[in-house]
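With mmCIF, C-alpha atoms inside, this is input-v2.cif:
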data_protein
loop_
_atom_site.group_PDB
_atom_site.id
_atom_site.type_symbol
_atom_site.label_atom_id
_atom_site.label_comp_id
_atom_site.auth_asym_id
_atom_site.auth_seq_id
_atom_site.Cartn_x
_atom_site.Cartn_y
_atom_site.Cartn_z
ATOM 1 C CA MET Z 1 -5.050 -14.400 -14.099
ATOM 2 C CA HIS Z 2 -5.850 -17.393 -11.919
ATOM 3 C CA PRO Z 3 -7.943 -20.196 -13.452
ATOM 4 C CA ALA Z 4 -11.575 -20.526 -12.419
ATOM 5 C CA ILE Z 5 -12.046 -22.213 -9.027
ATOM 6 C CA ASP Z 6 -14.148 -25.355 -8.926
ATOM 7 C CA VAL Z 7 -16.523 -24.951 -5.960
ATOM 8 C CA SER Z 8 -18.801 -27.894 -6.834
ATOM 9 C CA ARG Z 9 -17.114 -30.172 -4.321
ATOM 10 C CA PHE Z 10 -18.114 -27.915 -1.430
ATOM 11 C CA LYS Z 11 -21.825 -28.840 -1.796
ATOM 12 C CA TRP Z 12 -23.191 -25.489 -0.656
ATOM 13 C CA ALA Z 13 -26.836 -26.536 -1.075
ATOM 14 C CA GLU Z 14 -26.435 -29.553 1.221
ATOM 15 C CA ILE Z 15 -24.616 -27.467 3.822
ATOM 16 C CA ALA Z 16 -27.362 -24.820 3.755
ATOM 17 C CA GLN Z 17 -30.018 -27.512 4.190
ATOM 18 C CA GLU Z 18 -28.205 -28.934 7.208
ATOM 19 C CA LEU Z 19 -27.945 -25.485 8.786
ATOM 20 C CA ARG Z 20 -31.632 -24.780 8.235
ATOM 21 C CA ALA Z 21 -32.532 -28.072 9.871
ATOM 22 C CA GLU Z 22 -30.241 -27.382 12.826
ATOM 23 C CA PHE Z 23 -31.633 -23.891 13.414
ATOM 24 C CA GLY Z 24 -35.252 -24.782 12.667
ATOM 25 C CA GLY Z 25 -35.488 -22.745 9.473
ATOM 26 C CA ALA Z 26 -33.212 -20.039 8.150
ATOM 27 C CA PRO Z 27 -29.897 -19.842 10.059
ATOM 28 C CA GLN Z 28 -29.991 -17.133 12.697
ATOM 29 C CA PRO Z 29 -26.978 -14.990 13.620
ATOM 30 C CA PRO Z 30 -25.478 -15.504 17.088
ATOM 31 C CA THR Z 31 -26.581 -13.158 19.841
ATOM 32 C CA GLY Z 32 -25.313 -12.000 23.222
ATOM 33 C CA GLU Z 33 -21.824 -13.070 24.233
ATOM 34 C CA ALA Z 34 -21.343 -15.113 21.063
ATOM 35 C CA LEU Z 35 -21.696 -11.950 18.989
ATOM 36 C CA ALA Z 36 -19.662 -9.640 21.210
ATOM 37 C CA ILE Z 37 -16.237 -8.572 19.987
ATOM 38 C CA ALA Z 38 -13.935 -6.689 22.331
ATOM 39 C CA PRO Z 39 -13.498 -3.116 21.068
ATOM 40 C CA HIS Z 40 -10.034 -2.010 20.072
ATOM 41 C CA PRO Z 41 -8.616 0.499 22.589
ATOM 42 C CA TRP Z 42 -8.120 3.237 19.990
ATOM 43 C CA LYS Z 43 -9.540 2.170 16.652
ATOM 44 C CA GLN Z 44 -12.912 3.526 15.607
ATOM 45 C CA PRO Z 45 -15.021 2.099 12.761
ATOM 46 C CA LEU Z 46 -14.391 4.241 9.683
ATOM 47 C CA ARG Z 47 -15.659 4.335 6.128
ATOM 48 C CA GLU Z 48 -14.515 6.184 3.030
ATOM 49 C CA ASN Z 49 -15.634 6.750 -0.533
ATOM 50 C CA VAL Z 50 -13.090 5.230 -2.938
ATOM 51 C CA TYR Z 51 -13.588 7.902 -5.582
ATOM 52 C CA TRP Z 52 -13.326 10.770 -3.097
ATOM 53 C CA VAL Z 53 -10.080 9.400 -1.658
ATOM 54 C CA GLY Z 54 -8.758 8.706 -5.160
ATOM 55 C CA ARG Z 55 -9.383 12.294 -6.204
ATOM 56 C CA GLU Z 56 -7.807 13.830 -3.108
ATOM 57 C CA THR Z 57 -4.729 11.637 -2.748
ATOM 58 C CA TYR Z 58 -1.353 12.578 -4.249
ATOM 59 C CA ALA Z 59 0.507 9.242 -4.011
ATOM 60 C CA GLN Z 60 -0.253 5.897 -5.599
ATOM 61 C CA LEU Z 61 -1.058 3.146 -3.099
ATOM 62 C CA SER Z 62 -2.242 5.679 -0.504
ATOM 63 C CA PRO Z 63 -3.905 4.009 2.523
ATOM 64 C CA MET Z 64 -7.605 4.794 2.825
ATOM 65 C CA PHE Z 65 -7.537 4.567 6.627
ATOM 66 C CA PRO Z 66 -4.971 5.394 9.347
ATOM 67 C CA TYR Z 67 -4.819 1.800 10.606
ATOM 68 C CA LEU Z 68 -1.522 0.285 9.467
ATOM 69 C CA ASP Z 69 -0.400 -1.589 12.579
ATOM 70 C CA ALA Z 70 0.031 -5.346 12.906
ATOM 71 C CA GLY Z 71 -3.145 -7.235 12.114
ATOM 72 C CA SER Z 72 -4.714 -4.323 10.225
ATOM 73 C CA ILE Z 73 -6.427 -4.885 6.896
ATOM 74 C CA VAL Z 74 -5.010 -2.100 4.724
ATOM 75 C CA PRO Z 75 -6.898 -1.008 1.575
ATOM 76 C CA CYS Z 76 -4.900 1.417 -0.590
ATOM 77 C CA VAL Z 77 -6.046 3.487 -3.570
ATOM 78 C CA SER Z 78 -4.244 3.907 -6.884
ATOM 79 C CA VAL Z 79 -5.525 6.163 -9.671
ATOM 80 C CA PHE Z 80 -3.981 6.087 -13.145
ATOM 81 C CA TYR Z 81 -4.851 8.180 -16.182
ATOM 82 C CA GLY Z 82 -3.533 8.735 -19.682
ATOM 83 C CA GLY Z 83 -2.200 11.615 -21.710
ATOM 84 C CA PRO Z 84 1.199 13.204 -22.408
ATOM 85 C CA GLY Z 85 3.794 12.500 -19.701
ATOM 86 C CA THR Z 86 1.730 9.891 -17.838
ATOM 87 C CA ASN Z 87 3.885 6.813 -18.515
ATOM 88 C CA VAL Z 88 4.430 4.997 -15.196
ATOM 89 C CA GLY Z 89 7.550 2.987 -16.064
ATOM 90 C CA SER Z 90 8.051 -0.491 -14.648
ATOM 91 C CA PHE Z 91 9.449 -2.398 -11.687
ATOM 92 C CA VAL Z 92 9.056 -5.716 -9.886
ATOM 93 C CA HIS Z 93 7.449 -5.941 -6.457
ATOM 94 C CA VAL Z 94 7.978 -8.891 -4.113
ATOM 95 C CA ASN Z 95 5.715 -9.302 -1.096
ATOM 96 C CA THR Z 96 5.273 -12.180 1.353
ATOM 97 C CA LEU Z 97 1.631 -11.135 1.736
ATOM 98 C CA ASP Z 98 -1.225 -11.636 -0.685
ATOM 99 C CA GLU Z 99 -2.392 -8.461 -2.401
ATOM 100 C CA VAL Z 100 -6.051 -8.358 -3.404
ATOM 101 C CA VAL Z 101 -6.720 -6.009 -6.348
ATOM 102 C CA LEU Z 102 -10.244 -4.712 -6.942
ATOM 103 C CA ASN Z 103 -11.058 -2.313 -9.768
ATOM 104 C CA PHE Z 104 -13.620 0.432 -9.172
ATOM 105 C CA GLY Z 105 -13.922 1.609 -12.760
ATOM 106 C CA SER Z 106 -11.802 1.578 -15.896
ATOM 107 C CA VAL Z 107 -11.755 3.311 -19.288
ATOM 108 C CA GLN Z 108 -9.482 2.328 -22.212
ATOM 109 C CA SER Z 109 -7.583 -0.138 -20.022
ATOM 110 C CA TYR Z 110 -7.004 -3.890 -20.052
ATOM 111 C CA MET Z 111 -8.894 -3.957 -16.757
ATOM 112 C CA LYS Z 112 -12.676 -4.103 -16.790
ATOM 113 C CA PRO Z 113 -14.916 -2.402 -14.203
ATOM 114 C CA GLY Z 114 -15.202 -4.693 -11.198
ATOM 115 C CA PHE Z 115 -12.082 -6.679 -12.152
ATOM 116 C CA ALA Z 116 -10.662 -8.581 -9.148
ATOM 117 C CA ARG Z 117 -7.619 -10.759 -8.624
ATOM 118 C CA ILE Z 118 -5.067 -11.926 -6.098
ATOM 119 C CA GLY Z 119 -1.610 -11.085 -7.375
ATOM 120 C CA THR Z 120 1.365 -13.414 -7.270
ATOM 121 C CA LYS Z 121 3.920 -12.850 -4.505
ATOM 122 C CA THR Z 122 6.396 -11.650 -7.162
ATOM 123 C CA HIS Z 123 4.757 -9.494 -9.804
ATOM 124 C CA GLY Z 124 5.611 -6.866 -12.357
ATOM 125 C CA VAL Z 125 4.088 -3.399 -12.135
ATOM 126 C CA GLY Z 126 3.715 -1.022 -15.084
ATOM 127 C CA SER Z 127 5.142 -1.674 -18.525
ATOM 128 C CA PHE Z 128 8.444 -1.511 -20.405
ATOM 129 C CA ASP Z 129 6.562 0.237 -23.229
ATOM 130 C CA PRO Z 130 7.837 3.843 -23.292
ATOM 131 C CA ALA Z 131 4.624 5.163 -24.858
ATOM 132 C CA ASP Z 132 2.180 7.188 -22.769
ATOM 133 C CA PRO Z 133 -1.280 5.720 -22.150
ATOM 134 C CA PRO Z 134 -3.927 7.227 -24.442
ATOM 135 C CA ASP Z 135 -5.569 10.456 -23.414
ATOM 136 C CA GLY Z 136 -8.860 9.538 -21.748
ATOM 137 C CA MET Z 137 -7.585 6.329 -20.153
ATOM 138 C CA SER Z 138 -8.434 6.091 -16.469
ATOM 139 C CA THR Z 139 -8.635 3.412 -13.818
ATOM 140 C CA VAL Z 140 -9.236 3.340 -10.071
ATOM 141 C CA ASN Z 141 -7.961 0.364 -8.082
ATOM 142 C CA VAL Z 142 -7.957 -0.617 -4.427
ATOM 143 C CA ILE Z 143 -5.117 -2.940 -3.376
ATOM 144 C CA THR Z 144 -5.635 -4.597 0.000
ATOM 145 C CA GLN Z 145 -3.298 -6.581 2.234
ATOM 146 C CA ARG Z 146 -3.271 -7.560 5.895
ATOM 147 C CA HIS Z 147 -0.203 -6.741 7.944
ATOM 148 C CA PRO Z 148 1.150 -9.734 9.878
ATOM 149 C CA ILE Z 149 1.167 -9.955 13.668
ATOM 150 C CA GLY Z 150 4.527 -10.394 15.381
ATOM 151 C CA ALA Z 151 6.402 -11.024 12.150
ATOM 152 C CA HIS Z 152 8.355 -9.239 9.469
ATOM 153 C CA GLN Z 153 6.718 -8.506 6.136
ATOM 154 C CA ASP Z 154 9.477 -9.174 3.632
ATOM 155 C CA GLU Z 155 9.182 -6.960 0.553
ATOM 156 C CA SER Z 156 11.457 -6.005 -2.324
ATOM 157 C CA ILE Z 157 11.472 -3.396 -5.074
ATOM 158 C CA ILE Z 158 13.488 -4.401 -8.155
ATOM 159 C CA PHE Z 159 14.363 -2.415 -11.281
ATOM 160 C CA LEU Z 160 15.217 -4.522 -14.341
ATOM 161 C CA CYS Z 161 16.875 -3.704 -17.636
ATOM 162 C CA HIS Z 162 14.197 -3.168 -20.297
ATOM 163 C CA SER Z 163 16.283 -5.142 -22.803
ATOM 164 C CA CYS Z 164 17.842 -8.184 -21.108
ATOM 165 C CA LYS Z 165 15.854 -8.095 -17.817
ATOM 166 C CA GLN Z 166 19.062 -8.018 -15.787
ATOM 167 C CA GLU Z 167 18.561 -6.761 -12.242
ATOM 168 C CA ILE Z 168 19.964 -3.230 -12.067
ATOM 169 C CA LEU Z 169 18.894 -2.228 -8.570
ATOM 170 C CA ARG Z 170 17.128 -4.047 -5.741
ATOM 171 C CA ARG Z 171 16.086 -3.055 -2.245
ATOM 172 C CA ASP Z 172 14.821 -5.542 0.366
ATOM 173 C CA TYR Z 173 12.977 -4.199 3.393
ATOM 174 C CA ASP Z 174 10.541 -4.955 6.191
ATOM 175 C CA GLY Z 175 7.098 -3.682 5.221
ATOM 176 C CA ASN Z 176 5.537 -4.099 8.667
ATOM 177 C CA PRO Z 177 5.765 -0.772 10.593
ATOM 178 C CA PRO Z 178 5.378 -2.290 14.103
ATOM 179 C CA THR Z 179 8.629 -4.227 13.683
ATOM 180 C CA ARG Z 180 10.618 -1.155 12.627
ATOM 181 C CA SER Z 181 12.550 1.398 14.688
ATOM 182 C CA ASP Z 182 13.320 4.008 12.014
ATOM 183 C CA ALA Z 183 12.294 7.175 13.868
ATOM 184 C CA GLU Z 184 12.681 9.312 10.746
ATOM 185 C CA TYR Z 185 9.620 7.733 9.121
ATOM 186 C CA TYR Z 186 7.965 5.484 11.701
ATOM 187 C CA THR Z 187 6.390 5.931 15.114
ATOM 188 C CA PRO Z 188 3.728 3.769 16.820
ATOM 189 C CA GLU Z 189 1.401 6.755 17.193
ATOM 190 C CA MET Z 190 1.580 7.598 13.482
ATOM 191 C CA PRO Z 191 2.184 4.446 11.429
ATOM 192 C CA THR Z 192 3.515 4.806 7.899
ATOM 193 C CA LEU Z 193 3.010 2.574 4.878
ATOM 194 C CA ALA Z 194 6.555 1.317 4.438
ATOM 195 C CA THR Z 195 5.936 0.192 0.865
ATOM 196 C CA ILE Z 196 5.597 3.793 -0.326
ATOM 197 C CA VAL Z 197 8.633 5.114 1.546
ATOM 198 C CA GLU Z 198 10.875 2.226 0.540
ATOM 199 C CA SER Z 199 9.682 2.311 -3.060
ATOM 200 C CA SER Z 200 10.535 5.995 -3.198
ATOM 201 C CA VAL Z 201 13.990 5.449 -1.730
ATOM 202 C CA THR Z 202 14.639 2.680 -4.268
ATOM 203 C CA ALA Z 203 13.382 4.706 -7.235
ATOM 204 C CA GLU Z 204 15.431 7.731 -6.180
ATOM 205 C CA ALA Z 205 18.544 5.555 -5.938
ATOM 206 C CA PHE Z 206 17.812 4.084 -9.378
ATOM 207 C CA ASN Z 207 17.400 7.535 -10.941
ATOM 208 C CA ALA Z 208 20.645 8.673 -9.322
ATOM 209 C CA LEU Z 209 22.490 6.156 -11.543
ATOM 210 C CA GLY Z 210 22.001 8.430 -14.549
ATOM 211 C CA GLU Z 211 20.374 11.761 -15.247
ATOM 212 C CA ASN Z 212 18.966 10.939 -18.686
ATOM 213 C CA GLU Z 213 19.686 7.223 -19.079
ATOM 214 C CA ILE Z 214 20.844 4.328 -16.917
ATOM 215 C CA ALA Z 215 23.190 1.788 -18.495
ATOM 216 C CA CYS Z 216 22.549 -1.905 -17.848
ATOM 217 C CA PRO Z 217 25.644 -3.461 -16.211
ATOM 218 C CA LYS Z 218 25.158 -6.621 -18.276
ATOM 219 C CA CYS Z 219 24.159 -5.651 -21.828
ATOM 220 C CA GLY Z 220 24.840 -1.910 -21.743
ATOM 221 C CA ALA Z 221 21.318 -0.984 -22.890
ATOM 222 C CA ALA Z 222 20.167 2.522 -21.980
ATOM 223 C CA ASN Z 223 17.254 2.496 -19.548
ATOM 224 C CA ARG Z 224 15.159 5.589 -18.983
ATOM 225 C CA PRO Z 225 14.833 6.979 -15.429
ATOM 226 C CA PHE Z 226 11.790 5.934 -13.427
ATOM 227 C CA PRO Z 227 8.950 8.538 -13.622
ATOM 228 C CA LEU Z 228 8.696 8.977 -9.870
ATOM 229 C CA ARG Z 229 6.557 12.107 -10.124
ATOM 230 C CA ASN Z 230 3.735 10.020 -11.623
ATOM 231 C CA TRP Z 231 3.675 7.886 -8.473
ATOM 232 C CA GLY Z 232 3.992 10.602 -5.815
ATOM 233 C CA TRP Z 233 6.053 8.379 -3.534
ATOM 234 C CA ASP Z 234 8.795 10.970 -3.000
ATOM 235 C CA GLU Z 235 6.205 13.513 -1.875
ATOM 236 C CA TYR Z 236 4.726 10.982 0.573
ATOM 237 C CA ARG Z 237 8.205 10.247 1.917
ATOM 238 C CA ARG Z 238 9.075 13.939 2.388
ATOM 239 C CA ARG Z 239 5.727 14.759 3.964
ATOM 240 C CA THR Z 240 6.037 11.789 6.306
ATOM 241 C CA ARG Z 241 9.477 12.882 7.479
ATOM 242 C CA SER Z 242 8.347 16.498 7.824
ATOM 243 C CA THR Z 243 5.185 15.763 9.800
ATOM 244 C CA LEU Z 244 6.976 13.379 12.157
ATOM 245 C CA SER Z 245 9.711 15.938 12.713
ATOM 246 C CA ALA Z 246 7.099 18.589 13.495
ATOM 247 C CA ARG Z 247 5.274 16.191 15.805
ATOM 248 C CA HIS Z 248 8.475 15.448 17.728
ATOM 249 C CA SER Z 249 9.153 19.181 18.085
ATOM 250 C CA MET Z 250 5.674 19.645 19.546
ATOM 251 C CA GLU Z 251 6.301 16.864 22.036
ATOM 252 C CA GLU Z 252 9.567 18.470 23.128
ATOM 253 C CA ALA Z 253 7.924 21.892 23.450
ATOM 254 C CA THR Z 254 5.149 20.390 25.562
ATOM 255 C CA LYS Z 255 7.655 18.672 27.830
ATOM 256 C CA ALA Z 256 9.674 21.872 28.196
ATOM 257 C CA ALA Z 257 6.552 23.863 29.051
ATOM 258 C CA GLY Z 258 5.556 21.279 31.643
ATOM 259 C CA THR Z 259 9.013 21.372 33.225
ATOM 260 C CA ALA Z 260 8.982 25.169 33.368
ATOM 261 C CA GLN Z 261 5.529 25.194 34.913
ATOM 262 C CA ALA Z 262 6.557 22.616 37.498
ATOM 263 C CA ALA Z 263 9.619 24.688 38.417
ATOM 264 C CA GLN Z 264 7.458 27.796 38.749
ATOM 265 C CA ASP Z 265 4.934 25.992 40.945
ATOM 266 C CA ALA Z 266 7.738 24.663 43.153
ATOM 267 C CA ALA Z 267 9.211 28.177 43.540
ATOM 268 C CA GLN Z 268 5.863 29.501 44.723
#

Before we go any further, please render this structure as structure tokens.
Amino acid sequence: MHPAIDVSRFKWAEIAQELRAEFGGAPQPPTGEALAIAPHPWKQPLRENVYWVGRETYAQLSPMFPYLDAGSIVPCVSVFYGGPGTNVGSFVHVNTLDEVVLNFGSVQSYMKPGFARIGTKTHGVGSFDPADPPDGMSTVNVITQRHPIGAHQDESIIFLCHSCKQEILRRDYDGNPPTRSDAEYYTPEMPTLATIVESSVTAEAFNALGENEIACPKCGAANRPFPLRNWGWDEYRRRTRSTLSARHSMEEATKAAGTAQAAQDAAQ
């Protein structure tokens, strides 16, 4: 938690008074050319209901909107609940971007409804506690970041030993889709949230170190596998690869049909 911010030095009342005097009363919004913003060539204004998206999604940190390119503000939904088999494990996430967390409701959780914070660039996720959250626990969060323009977004997923906190497995990656050229998961026409794909790849590699337990290379402690099914990242990764593969096949079929039609027209 960040300490409370002292805003007294900003003198909001004096600033408001100056603006009222300048505009001859209440400040008026700009009009005409001053208000005009050039429309994006393909983006349309969209809105979603957080709870509807949270209910329908199958992967944690699922983007609410299809805009993931450079410069996009990307709100993502995560829904957690308690009961048998719902433990989410733990890992460390490193991100060069700020992540704004806003809670949209919480029951039997340390979070309170409306809870908001800006996470640190390196932060732990989940808990080393092997116990499942209590049945009836639920929380809906929206985590928002803005993808950089013309720059890499350096991210890392790190799995630590639950006993000595030794790093067991780490994966560094570029989280900004426009700077990537991995055709298996990324294409400009269908951007993918790299954080989910890379997190899945890292978790799968971690679990491959041991079927039932993963020994720490430093202290030898037995670490349990990461409960990937409770995050849904592997499903997102497989569906992403499958849909892109199908999309590419459709492109090739369309090209082939166009070539055949052109040959037929030329023959006539």

inquiry  = Taking the file as I've supplied it (selection: the PyMOL selection byres ((chain Z and resi 244) around 9)), which residues are included? Please answer as number ranges by chain.
reply    = Z: 183-187, 190, 239-243, 245-249

request  = Could you tell me which residues the PyMOL selection byres ((chain Z and resi 135-137) around 10) returns for this structure, as JSON, numbers by chain?
outcome  = {"Z": [80, 81, 82, 83, 84, 86, 106, 107, 108, 109, 132, 133, 134, 138, 139]}

Please tabulate, as a tab-separated table, the residues of stretch 132-154 of chain Z that come within 12 Å of stretch 159-173 of chain Z, each with its closest pair of atoms and the distance in Å to one decimal, counting only C-alpha atoms and ordering rows by chain, then residue number upward.
residue	atom	partner	partner_atom	distance
Z:His152	CA	Z:Tyr173	CA	9.1
Z:Gln153	CA	Z:Tyr173	CA	8.1
Z:Asp154	CA	Z:Tyr173	CA	6.1

key: Matched chain/residue IDs from the PyMOL selection byres ((chain Z and resi 51-65) around 12), as a ChimeraX atom specification   = /Z:43-50,66-69,72-81,88,99,101,103-105,138-145,190-197,199-200,228-240

Could you write those residues out with C-alpha atoms, as a compact mmCIF listing (two decimals), in the frame of the given file?
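Listing of again-v2.txt after writing:
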# COMPACT_ATOMS: atom_id res chain seq x y z
CA LYS Z 43 -9.54 2.17 16.65
CA GLN Z 44 -12.91 3.53 15.61
CA PRO Z 45 -15.02 2.10 12.76
CA LEU Z 46 -14.39 4.24 9.68
CA ARG Z 47 -15.66 4.34 6.13
CA GLU Z 48 -14.52 6.18 3.03
CA ASN Z 49 -15.63 6.75 -0.53
CA VAL Z 50 -13.09 5.23 -2.94
CA PRO Z 66 -4.97 5.39 9.35
CA TYR Z 67 -4.82 1.80 10.61
CA LEU Z 68 -1.52 0.28 9.47
CA ASP Z 69 -0.40 -1.59 12.58
CA SER Z 72 -4.71 -4.32 10.22
CA ILE Z 73 -6.43 -4.88 6.90
CA VAL Z 74 -5.01 -2.10 4.72
CA PRO Z 75 -6.90 -1.01 1.58
CA CYS Z 76 -4.90 1.42 -0.59
CA VAL Z 77 -6.05 3.49 -3.57
CA SER Z 78 -4.24 3.91 -6.88
CA VAL Z 79 -5.52 6.16 -9.67
CA PHE Z 80 -3.98 6.09 -13.14
CA TYR Z 81 -4.85 8.18 -16.18
CA VAL Z 88 4.43 5.00 -15.20
CA GLU Z 99 -2.39 -8.46 -2.40
CA VAL Z 101 -6.72 -6.01 -6.35
CA ASN Z 103 -11.06 -2.31 -9.77
CA PHE Z 104 -13.62 0.43 -9.17
CA GLY Z 105 -13.92 1.61 -12.76
CA SER Z 138 -8.43 6.09 -16.47
CA THR Z 139 -8.64 3.41 -13.82
CA VAL Z 140 -9.24 3.34 -10.07
CA ASN Z 141 -7.96 0.36 -8.08
CA VAL Z 142 -7.96 -0.62 -4.43
CA ILE Z 143 -5.12 -2.94 -3.38
CA THR Z 144 -5.64 -4.60 0.00
CA GLN Z 145 -3.30 -6.58 2.23
CA MET Z 190 1.58 7.60 13.48
CA PRO Z 191 2.18 4.45 11.43
CA THR Z 192 3.52 4.81 7.90
CA LEU Z 193 3.01 2.57 4.88
CA ALA Z 194 6.56 1.32 4.44
CA THR Z 195 5.94 0.19 0.86
CA ILE Z 196 5.60 3.79 -0.33
CA VAL Z 197 8.63 5.11 1.55
CA SER Z 199 9.68 2.31 -3.06
CA SER Z 200 10.54 6.00 -3.20
CA LEU Z 228 8.70 8.98 -9.87
CA ARG Z 229 6.56 12.11 -10.12
CA ASN Z 230 3.74 10.02 -11.62
CA TRP Z 231 3.68 7.89 -8.47
CA GLY Z 232 3.99 10.60 -5.82
CA TRP Z 233 6.05 8.38 -3.53
CA ASP Z 234 8.80 10.97 -3.00
CA GLU Z 235 6.20 13.51 -1.88
CA TYR Z 236 4.73 10.98 0.57
CA ARG Z 237 8.20 10.25 1.92
CA ARG Z 238 9.07 13.94 2.39
CA ARG Z 239 5.73 14.76 3.96
CA THR Z 240 6.04 11.79 6.31

Give the centre and edge lengths of an axis-aligned box, in Å to one decimal, that holds all listed atoms of stretch 196-211 of chain Z with 5 Å on each side, as JSON.
{"center_x": 14.0, "center_y": 7.0, "center_z": -6.9, "size_x": 26.9, "size_y": 19.5, "size_z": 26.8}
